[in-house]
Every structure is written in structure tokens, then in C-alpha cells.
Amino acid sequence: MTNDAPAQEFLELAGGRVHLFRAGEGEPLLFLHAAGGAGTWPEFLGLLADSGFDVIAPDHPGFGKSDDFPEVDAIDDLVYHYLDVLDALGLDRVHVVGASFGGWIAAELAVAAPHRTGSLVLLSAAGLRLPDHPVADIFLMPPAELVATLFHNPPPAPPAAAEPAAPDIDAVLAAYRDATALARFSWVPYLSNPKLERRLHRIGAPTLVVAPSDDRLIPVAHARRYATLIPGARYDEIADCGHAMYFERPAEFAGVTAAFLSEQPLAKSGVSR
């Protein structure tokens with residue numbers, strides 16, 4: 001099953017190596033992950049691969065197993081980084097799916113390079129600044145509060161052991177590295193680009209905006225604003241789900257994503273592999 005056995009590859013770019021997962025057959029789908037979940041292959045991606053797509057899921061610079069790429073230090077640098085990734089993969093035009101922080105990158109990519117974006121799915125994307133609906137500050141949250149913020153139904157805590165387990169130093173260092181990389185791109189202004197809103201009219205790709213109804217991190221108003229400003233965008237909302245959407249409700253999010261992308265064949269745009 002593709003859900004269980006994605007291939008892992010490293011792309012050599014001028015500034016370092018990019019780690020990515022890849023599975024499935026069909027039209028290429030570039031997945032841009034949220035701030036959490038780098039270096040993993042969640043069920044959601046396996047379901048997309050099983051739905052007839054060649055799913056390519058890189059780790060962002062400084063996240064997971066990708067190199068730091070120190071010269072990539074702003075959101076526009078990430079756009080050009082992913083154009084380099086597409087070039088290295090030999091892909092002219094792809095479906096782009098982005099979640100949360102990755103949704104912000106996806107929106108910026110679709111604005112800057114509409115000729116490379118065959119269709120676009122934004123899953124509770126960051127990137128907008130709505131003062132009446134502020135994004136919660138994840139950098140200030142202790143772990144328990146962060147879990148409660150991300151999930152509509154938080155997963156049960158593991159049973160208490162007779163003796164506390166020793167901390168997994170590798171996991172602690174990996175989480176710190178991911179958080180440091182996120183701060184590099186989104187500390188000031190926090191998880192937003194004030195110029196993005198007025199540029200969204202440049203997106204020409206068919207677009208689906210999806211939000212979890214109980215998003216306590218990025219309020220649903222952000223998704224609705226994206227859907228309003230992107231020409232012809234569709235909007236969908238999935239009930240009883242929090243911001244950790246593709247972990248909490250993978251089948252529902254994979255279902256609406258795959259159904260939309262299947263209606264937007266890249267062949268219409270003369271895609272080449």
C-alpha cells in the first residue's frame with residue numbers, strides 16, 4: 001500500500017539537500033506541510049496517493065531531514081526554493097496542496113508563478129493578517145495547551161509509567177530545529193504577509209479552500225477571506241475538527257481534496273513530466 005511505504009529521496013540543490021517523501025502514480029501533487037509534521041508520512045498523504053496522484057512531500061528548509069538553506073530566510077525565498085524543487089524534479093506544472101504554514105507558501109507560490117500551479121488546495125492556510133481574528137501564538141504555548149489548541153478532540157494522553165521515561169533527545173532537538181525554522185520565516189510579522197491579501201487576485205489556478213470548523217489556531221475567518229479574494233475559489237468546511245485537520249480527520253480532508261483535484265486535470269494545461 002502506498003499509505004505504508006512511500007519512497008524517500010534527497011534532491012541536490014545549489015544550497016543543500018531537500019528530503020522528500022514520494023508515493024503514488026498519476027498527476028504530480030506537491031504537498032507543502034504545516035509547521036508540525038515534517039519528516040512524516042501521515043495517513044492523509046497515503047490516501048491522496050491511493051486516489052491516483054503522484055504525491056511529492058518535501059520537508060521545508062530547516063525542517064525534518066532537509067538542510068537548513070540559510071540563504072532562504074523569508075517567505076518569498078521559499079517560493080523560489082520550491083520553484084527550484086520543481087525544476088530539479090523536472091515538473092512543469094503541478095497540483096499544489098498546502099496546510100497551515102504550508103498553505104501560506106502554497107498561496108504565495110500560486111501568486112508568483114501561476115504558470116506552474118495547475119490547481120490549488122489551501123487547508124486552513126496562514127498568511128493573512130485579520131486583526132479582528134488573530135492567529136494564536138504557538139511560540140508562547142506550553143505543550144499541553146498547544147495540543148488542546150490544535151485538536152477538536154485531543155488524543156488521549158499515554159498512560160503514566162511507574163518511572164518517567166528518559167527524554168528522547170533526538171526528538172527534542174528535532175522539534176527545536178523545526179520551531180527555529182518556523183520562527184525564521186514567520187516571527188515578524190507573525191505568520192502573515194501584509195502584502196499577500198492584495199495579490200491574491202493574481203491566482204489563476206482553480207482553487208479549493210478548506211477549513212476545520214473548530215480551528216482554535218487560525219480562525220475560520222482566514223479561510224473565508226482567502227475564498228473571497230481568490231477568483232472563483234470554492235469553499236468547504238469540515239465539522240467537528242480542529243487545526244490538526246489531516247491528522248484528526250484524514251479521510252474527510254483527503255476525500256474533498258482528491259475529489260476537487262480530479263476535476264482539474266493537468267492535461268488541460270499541457271503538463272509535462
# chains A, B, ... in the order shown; residues from 1 in each chain; ligands from 1
$ residues_around --residues "region 192-195 of chain A" --least-positions-apart "5" --cutoff "8 Å" --atoms "only C-alpha atoms" --output "list in words"
Trp104, Ala126, Gly127, Leu128, Arg129 and Ser186 of chain A
$ closest_atom_pairs --of "region 72-178 of chain A" --to "region 24-37 of chain A" --cutoff "10 Å" --atoms "only C-alpha atoms" --output "Markdown table"
| residue | atom | partner | partner_atom | distance |
| --- | --- | --- | --- | --- |
| A:Tyr82 | CA | A:Leu30 | CA | 9.5 |
| A:Val85 | CA | A:Leu30 | CA | 10.0 |
| A:Leu86 | CA | A:Leu30 | CA | 8.8 |
| A:Leu91 | CA | A:Pro28 | CA | 8.0 |
| A:Asp92 | CA | A:Pro28 | CA | 9.8 |
| A:Arg93 | CA | A:Pro28 | CA | 8.1 |
| A:Val94 | CA | A:Pro28 | CA | 5.4 |
| A:His95 | CA | A:Leu29 | CA | 4.6 |
| A:Val96 | CA | A:Leu30 | CA | 4.9 |
| A:Val97 | CA | A:Phe31 | CA | 4.9 |
| A:Gly98 | CA | A:Leu32 | CA | 4.6 |
| A:Ala99 | CA | A:Ala34 | CA | 5.1 |
| A:Ser100 | CA | A:Ala34 | CA | 5.1 |
| A:Phe101 | CA | A:Ala34 | CA | 4.9 |
| A:Gly102 | CA | A:Leu32 | CA | 4.6 |
| A:Gly103 | CA | A:Leu32 | CA | 6.9 |
| A:Trp104 | CA | A:Leu32 | CA | 9.2 |
| A:Ile105 | CA | A:Leu32 | CA | 7.4 |
| A:Ala106 | CA | A:Leu32 | CA | 7.0 |
| A:Thr117 | CA | A:Leu30 | CA | 9.7 |
| A:Gly118 | CA | A:Leu29 | CA | 9.5 |
| A:Ser119 | CA | A:Leu29 | CA | 9.4 |
| A:Leu120 | CA | A:Leu29 | CA | 9.7 |
| A:Val121 | CA | A:Phe31 | CA | 9.5 |
| A:Leu122 | CA | A:Leu32 | CA | 9.9 |
| A:Leu123 | CA | A:Ala34 | CA | 9.4 |
| A:Ser124 | CA | A:Ala34 | CA | 9.7 |
| A:Ala125 | CA | A:Ala34 | CA | 8.9 |
| A:Ala126 | CA | A:Ala34 | CA | 9.5 |
| A:Ala175 | CA | A:Gly36 | CA | 8.6 |
| A:Asp178 | CA | A:Ala35 | CA | 7.4 |
$ residues_around --residues "Ser262 (chain A)" --least-positions-apart "5" --cutoff "10 Å" --atoms "only C-alpha atoms" --output "list in words"
Glu27, Ser51, Gly52, Phe53 and Thr257 of chain A
$ atom_distance --atom1 "CA of Ala144 (chain A)" --atom2 "CA of Tyr226 (chain A)"
29.9 Å
$ closest_atom_pairs --of "region 27-87 of chain A" --to "region 235-255 of chain A" --cutoff "7 Å" --atoms "only C-alpha atoms" --output "Markdown table"
| residue | atom | partner | partner_atom | distance |
| --- | --- | --- | --- | --- |
| A:Pro42 | CA | A:Phe247 | CA | 7.0 |
| A:Glu43 | CA | A:Pro250 | CA | 6.4 |
| A:Phe44 | CA | A:Pro250 | CA | 4.7 |
| A:Leu47 | CA | A:Ala254 | CA | 6.2 |
| A:Leu48 | CA | A:Ala254 | CA | 5.9 |
$ write_last_selection --atoms "all heavy atoms" --output "PDB file, in the first residue's frame"
ATOM      1  N   PRO A  42       1.864  11.127   6.890  1.00  0.00           N
ATOM      2  CA  PRO A  42       0.590  10.862   7.559  1.00  0.00           C
ATOM      3  C   PRO A  42      -0.375  10.105   6.658  1.00  0.00           C
ATOM      4  O   PRO A  42      -0.226  10.066   5.421  1.00  0.00           O
ATOM      5  CB  PRO A  42       0.065  12.260   7.889  1.00  0.00           C
ATOM      6  CG  PRO A  42       0.706  13.150   6.887  1.00  0.00           C
ATOM      7  CD  PRO A  42       2.055  12.564   6.605  1.00  0.00           C
ATOM      8  N   GLU A  43      -1.380   9.521   7.268  1.00  0.00           N
ATOM      9  CA  GLU A  43      -2.398   8.766   6.537  1.00  0.00           C
ATOM     10  C   GLU A  43      -3.014   9.603   5.416  1.00  0.00           C
ATOM     11  O   GLU A  43      -3.318   9.083   4.337  1.00  0.00           O
ATOM     12  CB  GLU A  43      -3.486   8.302   7.505  1.00  0.00           C
ATOM     13  CG  GLU A  43      -4.605   7.498   6.854  1.00  0.00           C
ATOM     14  CD  GLU A  43      -5.720   7.152   7.824  1.00  0.00           C
ATOM     15  OE1 GLU A  43      -5.581   7.460   9.033  1.00  0.00           O
ATOM     16  OE2 GLU A  43      -6.733   6.583   7.368  1.00  0.00           O
ATOM     17  N   PHE A  44      -3.220  10.873   5.654  1.00  0.00           N
ATOM     18  CA  PHE A  44      -3.794  11.784   4.661  1.00  0.00           C
ATOM     19  C   PHE A  44      -3.052  11.701   3.332  1.00  0.00           C
ATOM     20  O   PHE A  44      -3.669  11.624   2.258  1.00  0.00           O
ATOM     21  CB  PHE A  44      -3.734  13.201   5.234  1.00  0.00           C
ATOM     22  CG  PHE A  44      -3.999  14.308   4.253  1.00  0.00           C
ATOM     23  CD1 PHE A  44      -5.292  14.599   3.842  1.00  0.00           C
ATOM     24  CD2 PHE A  44      -2.951  15.083   3.760  1.00  0.00           C
ATOM     25  CE1 PHE A  44      -5.542  15.634   2.947  1.00  0.00           C
ATOM     26  CE2 PHE A  44      -3.193  16.120   2.875  1.00  0.00           C
ATOM     27  CZ  PHE A  44      -4.489  16.389   2.461  1.00  0.00           C
ATOM     28  N   LEU A  47      -3.645   8.414   1.528  1.00  0.00           N
ATOM     29  CA  LEU A  47      -4.961   8.387   0.880  1.00  0.00           C
ATOM     30  C   LEU A  47      -4.949   9.166  -0.432  1.00  0.00           C
ATOM     31  O   LEU A  47      -5.575   8.750  -1.416  1.00  0.00           O
ATOM     32  CB  LEU A  47      -6.012   8.952   1.832  1.00  0.00           C
ATOM     33  CG  LEU A  47      -6.302   8.120   3.084  1.00  0.00           C
ATOM     34  CD1 LEU A  47      -7.175   8.898   4.060  1.00  0.00           C
ATOM     35  CD2 LEU A  47      -6.970   6.803   2.708  1.00  0.00           C
ATOM     36  N   LEU A  48      -4.243  10.285  -0.480  1.00  0.00           N
ATOM     37  CA  LEU A  48      -4.128  11.018  -1.736  1.00  0.00           C
ATOM     38  C   LEU A  48      -3.362  10.209  -2.772  1.00  0.00           C
ATOM     39  O   LEU A  48      -3.725  10.185  -3.960  1.00  0.00           O
ATOM     40  CB  LEU A  48      -3.430  12.360  -1.499  1.00  0.00           C
ATOM     41  CG  LEU A  48      -4.216  13.419  -0.727  1.00  0.00           C
ATOM     42  CD1 LEU A  48      -3.376  14.679  -0.571  1.00  0.00           C
ATOM     43  CD2 LEU A  48      -5.531  13.746  -1.419  1.00  0.00           C
TER      44      LEU A  48
END
$ closest_residue --among "A:Thr228, A:Thr149, A:Ser66, A:Thr180" --to "Gly15 (chain A)" --atoms "only C-alpha atoms"
A:Ser66
$ closest_residue --among "A:Ala183, A:Val18, A:Val220, A:Ile203" --to "Ile138 (chain A)" --atoms "only C-alpha atoms"
A:Ala183
$ closest_residue --among "A:Ala110, A:Val256, A:Leu11, A:Leu229" --to "Gly90 (chain A)" --atoms "only C-alpha atoms"
A:Leu11
$ residues_around --residues "His19 (chain A)" --least-positions-apart "2" --cutoff "9 Å" --atoms "only C-alpha atoms" --output "PDB file with N, CA, C and O atoms, in the first residue's frame"
ATOM      1  N   GLN A   8      11.650   7.508  -0.031  1.00  0.00           N
ATOM      2  CA  GLN A   8      12.309   8.704   0.490  1.00  0.00           C
ATOM      3  C   GLN A   8      13.469   9.047  -0.442  1.00  0.00           C
ATOM      4  O   GLN A   8      14.242   8.176  -0.837  1.00  0.00           O
ATOM      5  N   GLU A   9      13.561  10.325  -0.793  1.00  0.00           N
ATOM      6  CA  GLU A   9      14.586  10.771  -1.717  1.00  0.00           C
ATOM      7  C   GLU A   9      15.243  12.035  -1.174  1.00  0.00           C
ATOM      8  O   GLU A   9      14.682  12.730  -0.326  1.00  0.00           O
ATOM      9  N   PHE A  10      16.421  12.349  -1.698  1.00  0.00           N
ATOM     10  CA  PHE A  10      17.080  13.619  -1.437  1.00  0.00           C
ATOM     11  C   PHE A  10      17.381  14.282  -2.768  1.00  0.00           C
ATOM     12  O   PHE A  10      17.959  13.671  -3.661  1.00  0.00           O
ATOM     13  N   LEU A  11      16.946  15.526  -2.887  1.00  0.00           N
ATOM     14  CA  LEU A  11      17.253  16.332  -4.062  1.00  0.00           C
ATOM     15  C   LEU A  11      18.465  17.199  -3.752  1.00  0.00           C
ATOM     16  O   LEU A  11      18.525  17.838  -2.698  1.00  0.00           O
ATOM     17  N   ARG A  17      20.571  19.928   0.445  1.00  0.00           N
ATOM     18  CA  ARG A  17      19.732  18.788   0.080  1.00  0.00           C
ATOM     19  C   ARG A  17      18.320  18.960   0.622  1.00  0.00           C
ATOM     20  O   ARG A  17      18.121  19.422   1.741  1.00  0.00           O
ATOM     21  N   PHE A  21       9.300  12.767   0.673  1.00  0.00           N
ATOM     22  CA  PHE A  21       8.585  11.507   0.507  1.00  0.00           C
ATOM     23  C   PHE A  21       7.874  11.542  -0.835  1.00  0.00           C
ATOM     24  O   PHE A  21       7.431  12.601  -1.303  1.00  0.00           O
ATOM     25  N   GLY A  39       8.947  15.497   8.066  1.00  0.00           N
ATOM     26  CA  GLY A  39       9.632  14.216   8.191  1.00  0.00           C
ATOM     27  C   GLY A  39       8.718  13.045   8.446  1.00  0.00           C
ATOM     28  O   GLY A  39       9.182  11.967   8.831  1.00  0.00           O
ATOM     29  N   ALA A  57       6.127  15.125  -1.198  1.00  0.00           N
ATOM     30  CA  ALA A  57       6.007  15.851   0.074  1.00  0.00           C
ATOM     31  C   ALA A  57       7.396  16.180   0.613  1.00  0.00           C
ATOM     32  O   ALA A  57       7.986  15.390   1.345  1.00  0.00           O
ATOM     33  N   PRO A  58       7.944  17.353   0.251  1.00  0.00           N
ATOM     34  CA  PRO A  58       9.269  17.734   0.757  1.00  0.00           C
ATOM     35  C   PRO A  58       9.199  18.287   2.181  1.00  0.00           C
ATOM     36  O   PRO A  58       8.165  18.784   2.623  1.00  0.00           O
ATOM     37  N   ASP A  59      10.310  18.213   2.878  1.00  0.00           N
ATOM     38  CA  ASP A  59      10.484  18.950   4.127  1.00  0.00           C
ATOM     39  C   ASP A  59      10.977  20.353   3.773  1.00  0.00           C
ATOM     40  O   ASP A  59      11.894  20.516   2.962  1.00  0.00           O
ATOM     41  N   HIS A  60      10.371  21.380   4.383  1.00  0.00           N
ATOM     42  CA  HIS A  60      10.816  22.744   4.134  1.00  0.00           C
ATOM     43  C   HIS A  60      12.268  22.924   4.591  1.00  0.00           C
ATOM     44  O   HIS A  60      12.767  22.180   5.441  1.00  0.00           O
ATOM     45  N   GLY A  64      12.591  18.875   9.425  1.00  0.00           N
ATOM     46  CA  GLY A  64      12.747  17.455   9.140  1.00  0.00           C
ATOM     47  C   GLY A  64      14.173  17.101   8.766  1.00  0.00           C
ATOM     48  O   GLY A  64      15.135  17.472   9.441  1.00  0.00           O
ATOM     49  N   LYS A  65      14.321  16.422   7.636  1.00  0.00           N
ATOM     50  CA  LYS A  65      15.638  15.959   7.182  1.00  0.00           C
ATOM     51  C   LYS A  65      16.220  16.836   6.087  1.00  0.00           C
ATOM     52  O   LYS A  65      17.261  16.496   5.514  1.00  0.00           O
ATOM     53  N   SER A  66      15.552  17.937   5.747  1.00  0.00           N
ATOM     54  CA  SER A  66      16.121  18.859   4.768  1.00  0.00           C
ATOM     55  C   SER A  66      17.220  19.699   5.402  1.00  0.00           C
ATOM     56  O   SER A  66      17.198  19.972   6.608  1.00  0.00           O
ATOM     57  N   ASP A  67      18.169  20.147   4.578  1.00  0.00           N
ATOM     58  CA  ASP A  67      19.221  21.030   5.066  1.00  0.00           C
ATOM     59  C   ASP A  67      18.644  22.397   5.438  1.00  0.00           C
ATOM     60  O   ASP A  67      17.500  22.728   5.083  1.00  0.00           O
TER      61      ASP A  67
END
$ atom_distance --atom1 "CA of Ala258 (chain A)" --atom2 "CA of Arg234 (chain A)"
14.0 Å
$ atom_distance --atom1 "CA of Asp68 (chain A)" --atom2 "CA of Ala107 (chain A)"
22.3 Å
$ select_by_dssp --residues "region 86-266 of chain A" --states "helix (DSSP H, G or I)" --output "ChimeraX atom specification"
/A:86-89,101-112,114-116,138-140,143-150,169-186,197-202,220-229,245-248,250-262,266
$ closest_residue --among "A:Leu109, A:Leu182, A:Ala23, A:Leu200" --to "Ala233 (chain A)" --atoms "only C-alpha atoms"
A:Leu200
$ residues_around --residues "Glu71 (chain A)" --least-positions-apart "6" --cutoff "12 Å" --atoms "only C-alpha atoms" --output "number ranges by chain"
A: 14-16, 61-62, 77-78, 80-81, 184-185
$ write_last_selection --atoms "N, CA, C and O atoms" --output "CSV table (one decimal), in the first residue's frame"
chain,number,residue,atom,x,y,z
A,14,ALA,N,21.5,23.8,-5.3
A,14,ALA,CA,22.7,24.6,-5.1
A,14,ALA,C,23.0,24.8,-3.6
A,14,ALA,O,24.1,24.9,-3.2
A,15,GLY,N,21.9,25.1,-2.8
A,15,GLY,CA,22.2,25.4,-1.4
A,15,GLY,C,22.1,24.3,-0.4
A,15,GLY,O,22.3,24.5,0.8
A,16,GLY,N,21.9,23.1,-0.9
A,16,GLY,CA,21.8,21.9,0.0
A,16,GLY,C,20.9,20.8,-0.5
A,16,GLY,O,20.5,20.8,-1.6
A,61,PRO,N,13.0,23.9,4.1
A,61,PRO,CA,14.3,24.2,4.6
A,61,PRO,C,14.3,24.4,6.1
A,61,PRO,O,13.5,25.1,6.7
A,62,GLY,N,15.3,23.7,6.7
A,62,GLY,CA,15.4,23.8,8.2
A,62,GLY,C,14.4,22.9,8.9
A,62,GLY,O,14.5,22.8,10.2
A,77,ASP,N,11.6,33.8,-0.4
A,77,ASP,CA,12.7,32.9,-0.7
A,77,ASP,C,12.2,31.4,-0.8
A,77,ASP,O,12.6,30.6,-1.6
A,78,LEU,N,11.2,31.1,0.0
A,78,LEU,CA,10.6,29.8,0.0
A,78,LEU,C,9.9,29.5,-1.4
A,78,LEU,O,9.9,28.4,-1.9
A,80,TYR,N,10.8,30.8,-4.3
A,80,TYR,CA,11.8,30.4,-5.3
A,80,TYR,C,12.5,29.1,-5.0
A,80,TYR,O,12.9,28.4,-5.9
A,81,HIS,N,12.6,28.8,-3.7
A,81,HIS,CA,13.1,27.5,-3.3
A,81,HIS,C,12.2,26.4,-4.0
A,81,HIS,O,12.8,25.4,-4.5
A,184,ARG,N,12.1,31.6,11.8
A,184,ARG,CA,12.9,32.4,10.8
A,184,ARG,C,12.0,33.0,9.8
A,184,ARG,O,12.2,34.1,9.3
A,185,PHE,N,10.9,32.2,9.4
A,185,PHE,CA,10.1,32.7,8.3
A,185,PHE,C,8.8,33.4,8.8
A,185,PHE,O,8.2,34.1,8.0
$ closest_residue --among "A:Ala49, A:Val79, A:Ala88, A:His115" --to "Leu266 (chain A)" --atoms "only C-alpha atoms"
A:His115
$ decode --residues "region 89-124 of chain A" --atoms "N, CA and C atoms" --output "CSV table (one decimal), in the first residue's frame"
chain,number,residue,atom,x,y,z
A,89,LEU,N,12.9,18.3,-10.1
A,89,LEU,CA,12.1,17.2,-10.3
A,89,LEU,C,11.7,17.0,-11.8
A,90,GLY,N,11.9,18.0,-12.6
A,90,GLY,CA,11.5,18.0,-14.0
A,90,GLY,C,10.1,18.2,-14.2
A,91,LEU,N,9.4,18.9,-13.3
A,91,LEU,CA,8.0,19.1,-13.3
A,91,LEU,C,7.7,20.6,-13.8
A,92,ASP,N,6.9,20.7,-14.8
A,92,ASP,CA,6.5,22.0,-15.3
A,92,ASP,C,5.3,22.6,-14.5
A,93,ARG,N,4.3,21.7,-14.3
A,93,ARG,CA,3.0,22.2,-13.7
A,93,ARG,C,2.5,21.1,-12.8
A,94,VAL,N,2.1,21.5,-11.6
A,94,VAL,CA,1.6,20.5,-10.6
A,94,VAL,C,0.4,21.0,-9.9
A,95,HIS,N,-0.3,20.0,-9.3
A,95,HIS,CA,-1.3,20.4,-8.3
A,95,HIS,C,-0.5,20.8,-7.0
A,96,VAL,N,-1.0,21.8,-6.3
A,96,VAL,CA,-0.3,22.3,-5.1
A,96,VAL,C,-1.3,22.2,-4.0
A,97,VAL,N,-1.0,21.5,-2.9
A,97,VAL,CA,-1.8,21.4,-1.7
A,97,VAL,C,-1.0,21.9,-0.5
A,98,GLY,N,-1.4,22.8,0.2
A,98,GLY,CA,-0.7,23.3,1.4
A,98,GLY,C,-1.6,23.4,2.6
A,99,ALA,N,-1.0,23.1,3.7
A,99,ALA,CA,-1.7,23.1,5.0
A,99,ALA,C,-1.1,24.1,6.0
A,100,SER,N,-1.9,25.0,6.5
A,100,SER,CA,-1.4,25.9,7.6
A,100,SER,C,-0.2,26.8,7.1
A,101,PHE,N,0.9,26.6,7.7
A,101,PHE,CA,2.1,27.3,7.2
A,101,PHE,C,2.4,27.0,5.8
A,102,GLY,N,2.3,25.7,5.4
A,102,GLY,CA,2.5,25.3,4.1
A,102,GLY,C,1.4,25.8,3.1
A,103,GLY,N,0.2,26.1,3.6
A,103,GLY,CA,-0.8,26.7,2.8
A,103,GLY,C,-0.4,28.2,2.5
A,104,TRP,N,0.2,28.8,3.4
A,104,TRP,CA,0.7,30.2,3.1
A,104,TRP,C,1.7,30.1,2.0
A,105,ILE,N,2.7,29.2,2.1
A,105,ILE,CA,3.7,29.1,1.0
A,105,ILE,C,3.0,28.7,-0.3
A,106,ALA,N,2.0,27.9,-0.3
A,106,ALA,CA,1.2,27.5,-1.5
A,106,ALA,C,0.5,28.7,-2.1
A,107,ALA,N,-0.1,29.5,-1.3
A,107,ALA,CA,-0.8,30.7,-1.8
A,107,ALA,C,0.2,31.7,-2.5
A,108,GLU,N,1.4,31.9,-1.8
A,108,GLU,CA,2.4,32.8,-2.4
A,108,GLU,C,3.0,32.2,-3.7
A,109,LEU,N,3.1,30.9,-3.7
A,109,LEU,CA,3.6,30.2,-5.0
A,109,LEU,C,2.6,30.4,-6.1
A,110,ALA,N,1.4,30.3,-5.8
A,110,ALA,CA,0.3,30.4,-6.8
A,110,ALA,C,0.2,31.9,-7.3
A,111,VAL,N,0.5,32.8,-6.4
A,111,VAL,CA,0.5,34.2,-6.8
A,111,VAL,C,1.7,34.5,-7.7
A,112,ALA,N,2.9,34.1,-7.3
A,112,ALA,CA,4.1,34.4,-8.0
A,112,ALA,C,4.3,33.6,-9.3
A,113,ALA,N,3.9,32.4,-9.4
A,113,ALA,CA,4.1,31.5,-10.5
A,113,ALA,C,2.9,30.8,-10.9
A,114,PRO,N,1.9,31.5,-11.4
A,114,PRO,CA,0.6,30.9,-11.8
A,114,PRO,C,0.8,29.9,-12.9
A,115,HIS,N,1.8,30.0,-13.7
A,115,HIS,CA,2.1,29.1,-14.8
A,115,HIS,C,2.6,27.7,-14.3
A,116,ARG,N,3.0,27.6,-13.1
A,116,ARG,CA,3.5,26.4,-12.5
A,116,ARG,C,2.4,25.7,-11.7
A,117,THR,N,1.3,26.4,-11.4
A,117,THR,CA,0.3,25.9,-10.5
A,117,THR,C,-0.9,25.5,-11.3
A,118,GLY,N,-1.1,24.2,-11.4
A,118,GLY,CA,-2.3,23.7,-12.2
A,118,GLY,C,-3.6,23.8,-11.4
A,119,SER,N,-3.6,23.5,-10.1
A,119,SER,CA,-4.7,23.7,-9.3
A,119,SER,C,-4.1,23.9,-7.9
A,120,LEU,N,-5.0,24.4,-7.0
A,120,LEU,CA,-4.5,24.8,-5.6
A,120,LEU,C,-5.6,24.4,-4.6
A,121,VAL,N,-5.1,23.8,-3.5
A,121,VAL,CA,-5.9,23.5,-2.3
A,121,VAL,C,-5.3,24.1,-1.1
A,122,LEU,N,-6.0,24.9,-0.4
A,122,LEU,CA,-5.5,25.6,0.8
A,122,LEU,C,-6.2,25.0,2.0
A,123,LEU,N,-5.5,24.4,2.9
A,123,LEU,CA,-6.1,23.8,4.1
A,123,LEU,C,-5.8,24.6,5.3
A,124,SER,N,-6.8,25.4,5.7
A,124,SER,CA,-6.6,26.3,6.9
A,124,SER,C,-5.3,27.1,6.8
